Amino acid sequence: MKLRILFISLFFIVYYHSFGQFTLKLGGYLEGYSGVTYGFFGNLKKDLTTPSFLTDSVTKLPAVGSYYGGGFKFLVAKKIILGLYGVGSAHTPAEGKRGQAKMYTTLWGGQVGFAVKNTNRWLWYPYAGFSVGKSTLKLSNYDNQSVVFGENQTIERAKTIECTTTSSVVDLGFSFRHLSRNSGGLILGVDGGFYLSPAKGTWSGPVGAVSGVKGSSLNGIYLRVTIGAGLFSIESSSKPPTEDEKPAQENPANEEPKQ
């Protein structure tokens, strides 16, 4: 009995892998994601520690932060993945004797990918994206007297100001997606990649452009997990032979054909 069950199980496994291969043809999915990022901010560390804001007790702006967002992806012609997305990041605050600095970024953009694997609920693809948005630097004063960011942004005692800069980012990475059903359903995945700014943005504060501070770039790496849902049309790459496709059986040598 056990052998019979084993052989039946093996039969269905072989049957599935022989005739059950399929490819996603066309469709799309919505997804959200959450992960971590490690950022590099160019001259921002120096601008925050000199001449008078956080002081030199802060050796660097913390680079680790949360990375979150979501978007819509659309598969075309079994290979091309097009997407629209929004992402945000929030980095661990930097604190010194005189104050605190928090860094936030929000971006909106588009993405294109090329499927290198599209078989049996798996979708793997490298991608490139471009997004624009803004970065916000929230500066709080802990001191008993006013402090200055740059040369012209004064922060009064126990007050907070926000400085912003326009950001444009190129995003390169690799995605893995797995479908819970042949035609879509729940879709889980992982993304990993890096982003970089083609140009440095100029900071603006409550009294206009921040003087004495160089433009800041937005560069970093990230890893995120994704969850979503979608619907696809599929195409089988092979199928069991039909009755008409089966080879004709030969008559035994000692048996005459029936009339």
# chains A, B, ... in the order shown; residues from 1 in each chain; ligands from 1

call {"tool": "closest_atom_pairs", "arguments": {"of": "stretch 143-187 of chain A", "to": "stretch 105-111 of chain A", "cutoff": "10 Å", "atoms": "only C-alpha atoms", "output": "tab-separated table"}}
result
residue	atom	partner	partner_atom	distance
A:Thr164	CA	A:Thr105	CA	9.4
A:Thr165	CA	A:Thr105	CA	9.5
A:Thr166	CA	A:Thr105	CA	9.7
A:Ser167	CA	A:Leu107	CA	7.8
A:Ser168	CA	A:Leu107	CA	8.1
A:Val169	CA	A:Leu107	CA	8.3
A:Val170	CA	A:Gly109	CA	9.6
A:Asp171	CA	A:Gln111	CA	8.5
A:Leu172	CA	A:Gln111	CA	9.3

call {"tool": "select_by_dssp", "arguments": {"residues": "stretch 75-148 of chain A", "states": "strand (DSSP E or B)", "output": "NGL selection string"}}
result
:A and (75-76 or 80-91 or 94-95 or 99-114 or 117-119 or 122-141 or 147-148)

call {"tool": "closest_residue", "arguments": {"among": "A:Trp122, A:Gly39, A:Lys134, A:Ser140", "to": "A:Gly189", "atoms": "only C-alpha atoms"}}
result
A:Trp122

call {"tool": "closest_residue", "arguments": {"among": "A:Pro93, A:Gly32, A:Gly27, A:Gly230", "to": "A:Lys79", "atoms": "only C-alpha atoms"}}
result
A:Gly27

call {"tool": "atom_distance", "arguments": {"atom1": "atom CA of A:Tyr67", "atom2": "atom CA of A:Leu24"}}
result
29.1 Å

call {"tool": "closest_residue", "arguments": {"among": "A:Val112, A:Leu26, A:Val132, A:Val213", "to": "A:Leu196", "atoms": "only C-alpha atoms"}}
result
A:Val132

call {"tool": "closest_residue", "arguments": {"among": "A:Tyr195, A:Ala94, A:Glu235, A:Tyr142", "to": "A:Leu223", "atoms": "only C-alpha atoms"}}
result
A:Tyr195

call {"tool": "closest_residue", "arguments": {"among": "A:Arg181, A:Arg224, A:Lys97, A:Lys117", "to": "A:Asp143", "atoms": "only C-alpha atoms"}}
result
A:Lys97

call {"tool": "closest_residue", "arguments": {"among": "A:Asn219, A:Ser131, A:Gln21, A:Asn152", "to": "A:Leu84", "atoms": "only C-alpha atoms"}}
result
A:Ser131

call {"tool": "atom_distance", "arguments": {"atom1": "atom CA of A:Gly69", "atom2": "atom CA of A:Thr119"}}
result
26.9 Å

call {"tool": "atom_distance", "arguments": {"atom1": "atom CA of A:Asn141", "atom2": "atom CA of A:Ala209"}}
result
19.6 Å

call {"tool": "select_by_dssp", "arguments": {"residues": "stretch 24-128 of chain A", "states": "helix (DSSP H, G or I)", "output": "PyMOL selection string"}}
result
chain A and resi 44-49

call {"tool": "write_last_selection", "arguments": {"atoms": "C-alpha atoms", "output": "mmCIF file, in the first residue's frame"}}
result
data_model
loop_
_atom_site.group_PDB
_atom_site.id
_atom_site.type_symbol
_atom_site.label_atom_id
_atom_site.label_comp_id
_atom_site.auth_asym_id
_atom_site.auth_seq_id
_atom_site.Cartn_x
_atom_site.Cartn_y
_atom_site.Cartn_z
ATOM 1 C CA LEU A 44 25.879 66.987 5.054
ATOM 2 C CA LYS A 45 27.898 65.634 7.988
ATOM 3 C CA LYS A 46 30.361 68.516 7.764
ATOM 4 C CA ASP A 47 27.586 71.080 7.362
ATOM 5 C CA LEU A 48 25.843 69.861 10.515
ATOM 6 C CA THR A 49 28.941 69.841 12.729
#

call {"tool": "residues_around", "arguments": {"residues": "A:Ala90", "least_positions_apart": "4", "cutoff": "10 Å", "atoms": "only C-alpha atoms", "output": "PyMOL selection string"}}
result
chain A and resi 36-37+63-68+102-106+135-136

call {"tool": "write_last_selection", "arguments": {"atoms": "C-alpha atoms", "output": "short mmCIF file (atom, residue, chain, number, x, y, z; two decimals), in the first residue's frame"}}
result
data_model
loop_
_atom_site.label_atom_id
_atom_site.label_comp_id
_atom_site.auth_asym_id
_atom_site.auth_seq_id
_atom_site.Cartn_x
_atom_site.Cartn_y
_atom_site.Cartn_z
CA VAL A 36 16.23 49.09 5.50
CA THR A 37 18.59 51.49 3.77
CA ALA A 63 23.27 56.31 7.83
CA VAL A 64 20.87 53.46 8.71
CA GLY A 65 17.19 54.12 8.16
CA SER A 66 13.84 52.58 7.33
CA TYR A 67 12.80 52.24 3.68
CA TYR A 68 9.13 51.91 2.74
CA LYS A 102 16.42 64.18 11.34
CA MET A 103 16.52 63.24 7.66
CA TYR A 104 13.43 62.24 5.64
CA THR A 105 13.01 61.62 1.92
CA THR A 106 9.93 61.10 -0.27
CA SER A 135 14.48 65.49 1.18
CA THR A 136 13.65 67.19 4.47
#

call {"tool": "residues_around", "arguments": {"residues": "A:Phe41", "least_positions_apart": "4", "cutoff": "7 Å", "atoms": "only C-alpha atoms", "output": "ChimeraX atom specification"}}
result
/A:216-219

call {"tool": "decode", "arguments": {"residues": "stretch 125-247 of chain A", "atoms": "C-alpha atoms", "output": "tab-separated table (two decimals), in the first residue's frame"}}
result
chain	number	residue	atom	x	y	z
A	125	TYR	CA	14.06	40.56	-13.01
A	126	PRO	CA	16.71	43.30	-12.85
A	127	TYR	CA	15.29	46.80	-13.02
A	128	ALA	CA	16.17	50.47	-13.41
A	129	GLY	CA	14.12	53.37	-12.11
A	130	PHE	CA	14.11	57.14	-11.95
A	131	SER	CA	12.31	59.20	-9.32
A	132	VAL	CA	12.01	62.78	-8.12
A	133	GLY	CA	10.87	64.27	-4.83
A	134	LYS	CA	12.29	66.06	-1.85
A	135	SER	CA	14.48	65.49	1.18
A	136	THR	CA	13.65	67.19	4.47
A	137	LEU	CA	16.10	68.00	7.23
A	138	LYS	CA	14.34	68.69	10.53
A	139	LEU	CA	16.60	70.66	12.88
A	140	SER	CA	15.81	71.10	16.60
A	141	ASN	CA	17.59	73.41	19.03
A	142	TYR	CA	18.31	72.05	22.54
A	143	ASP	CA	20.47	74.97	23.64
A	144	ASN	CA	19.56	77.89	25.90
A	145	GLN	CA	20.38	80.31	23.09
A	146	SER	CA	19.80	80.45	19.37
A	147	VAL	CA	21.96	78.35	17.03
A	148	VAL	CA	22.67	78.67	13.33
A	149	PHE	CA	22.59	76.18	10.47
A	150	GLY	CA	24.80	77.33	7.64
A	151	GLU	CA	25.24	81.10	7.76
A	152	ASN	CA	21.67	82.37	7.71
A	153	GLN	CA	19.23	79.82	9.20
A	154	THR	CA	18.74	80.80	12.84
A	155	ILE	CA	16.98	78.36	15.17
A	156	GLU	CA	15.65	79.96	18.32
A	157	ARG	CA	15.87	78.28	21.72
A	158	ALA	CA	13.63	75.16	21.97
A	159	LYS	CA	12.46	75.65	18.38
A	160	THR	CA	12.54	73.46	15.27
A	161	ILE	CA	12.91	74.40	11.60
A	162	GLU	CA	12.77	72.37	8.39
A	163	CYS	CA	15.12	72.68	5.43
A	164	THR	CA	14.26	70.98	2.16
A	165	THR	CA	15.99	70.13	-1.11
A	166	THR	CA	14.76	68.72	-4.40
A	167	SER	CA	16.07	65.21	-5.04
A	168	SER	CA	16.34	63.19	-8.24
A	169	VAL	CA	17.43	59.58	-7.93
A	170	VAL	CA	18.47	56.75	-10.25
A	171	ASP	CA	17.59	53.34	-8.80
A	172	LEU	CA	19.14	50.01	-9.91
A	173	GLY	CA	18.31	46.63	-8.39
A	174	PHE	CA	17.07	43.05	-8.69
A	175	SER	CA	13.64	41.64	-7.78
A	176	PHE	CA	12.39	38.17	-6.85
A	177	ARG	CA	8.63	37.50	-6.84
A	178	HIS	CA	6.65	34.35	-6.06
A	179	LEU	CA	2.94	33.90	-6.81
A	180	SER	CA	0.65	31.93	-4.50
A	181	ARG	CA	-1.48	30.83	-7.47
A	182	ASN	CA	-0.75	30.17	-11.12
A	183	SER	CA	-2.71	33.24	-12.21
A	184	GLY	CA	-1.60	35.57	-9.41
A	185	GLY	CA	-3.20	35.90	-5.99
A	186	LEU	CA	-0.89	36.77	-3.12
A	187	ILE	CA	2.60	37.79	-4.32
A	188	LEU	CA	5.63	37.82	-2.01
A	189	GLY	CA	9.09	39.08	-2.88
A	190	VAL	CA	12.45	40.61	-2.07
A	191	ASP	CA	14.23	43.60	-3.67
A	192	GLY	CA	17.85	44.64	-3.31
A	193	GLY	CA	19.68	47.49	-4.97
A	194	PHE	CA	21.25	50.93	-4.75
A	195	TYR	CA	20.30	54.51	-5.57
A	196	LEU	CA	22.30	57.60	-6.46
A	197	SER	CA	21.68	61.27	-7.24
A	198	PRO	CA	22.80	62.52	-10.67
A	199	ALA	CA	23.08	66.05	-9.21
A	200	LYS	CA	23.38	67.69	-5.80
A	201	GLY	CA	20.39	69.56	-4.42
A	202	THR	CA	20.50	72.98	-2.75
A	203	TRP	CA	18.97	73.33	0.73
A	204	SER	CA	16.26	75.92	1.40
A	205	GLY	CA	15.07	77.01	4.84
A	206	PRO	CA	12.57	79.43	6.42
A	207	VAL	CA	14.52	82.46	5.15
A	208	GLY	CA	15.35	81.12	1.68
A	209	ALA	CA	18.41	79.30	0.34
A	210	VAL	CA	20.80	78.09	3.03
A	211	SER	CA	24.06	79.96	2.54
A	212	GLY	CA	27.40	78.52	3.55
A	213	VAL	CA	26.20	74.94	2.94
A	214	LYS	CA	27.12	72.91	-0.10
A	215	GLY	CA	24.58	70.89	-2.07
A	216	SER	CA	23.79	67.44	-0.71
A	217	SER	CA	23.56	64.19	-2.69
A	218	LEU	CA	21.30	61.25	-1.90
A	219	ASN	CA	23.10	57.92	-2.37
A	220	GLY	CA	22.70	54.55	-0.68
A	221	ILE	CA	21.84	50.86	-0.76
A	222	TYR	CA	18.68	49.07	0.35
A	223	LEU	CA	17.04	45.71	1.01
A	224	ARG	CA	13.27	45.33	1.30
A	225	VAL	CA	10.56	42.67	1.45
A	226	THR	CA	7.36	43.06	-0.56
A	227	ILE	CA	3.79	41.82	-0.34
A	228	GLY	CA	1.08	42.35	-2.92
A	229	ALA	CA	-1.70	40.85	-5.01
A	230	GLY	CA	-2.31	40.62	-8.72
A	231	LEU	CA	-3.82	38.83	-11.69
A	232	PHE	CA	-2.14	37.37	-14.80
A	233	SER	CA	-2.98	35.44	-17.94
A	234	ILE	CA	-0.76	32.40	-18.38
A	235	GLU	CA	0.65	30.32	-21.22
A	236	SER	CA	1.54	26.64	-20.86
A	237	SER	CA	4.87	25.72	-22.38
A	238	SER	CA	3.89	22.04	-22.73
A	239	LYS	CA	0.81	19.94	-22.20
A	240	PRO	CA	-0.20	16.25	-22.12
A	241	PRO	CA	-0.78	14.72	-25.57
A	242	THR	CA	-4.40	14.53	-26.71
A	243	GLU	CA	-6.00	11.37	-28.06
A	244	ASP	CA	-5.40	12.57	-31.63
A	245	GLU	CA	-1.71	13.23	-30.88
A	246	LYS	CA	-1.01	9.80	-29.41
A	247	PRO	CA	0.82	7.40	-31.78
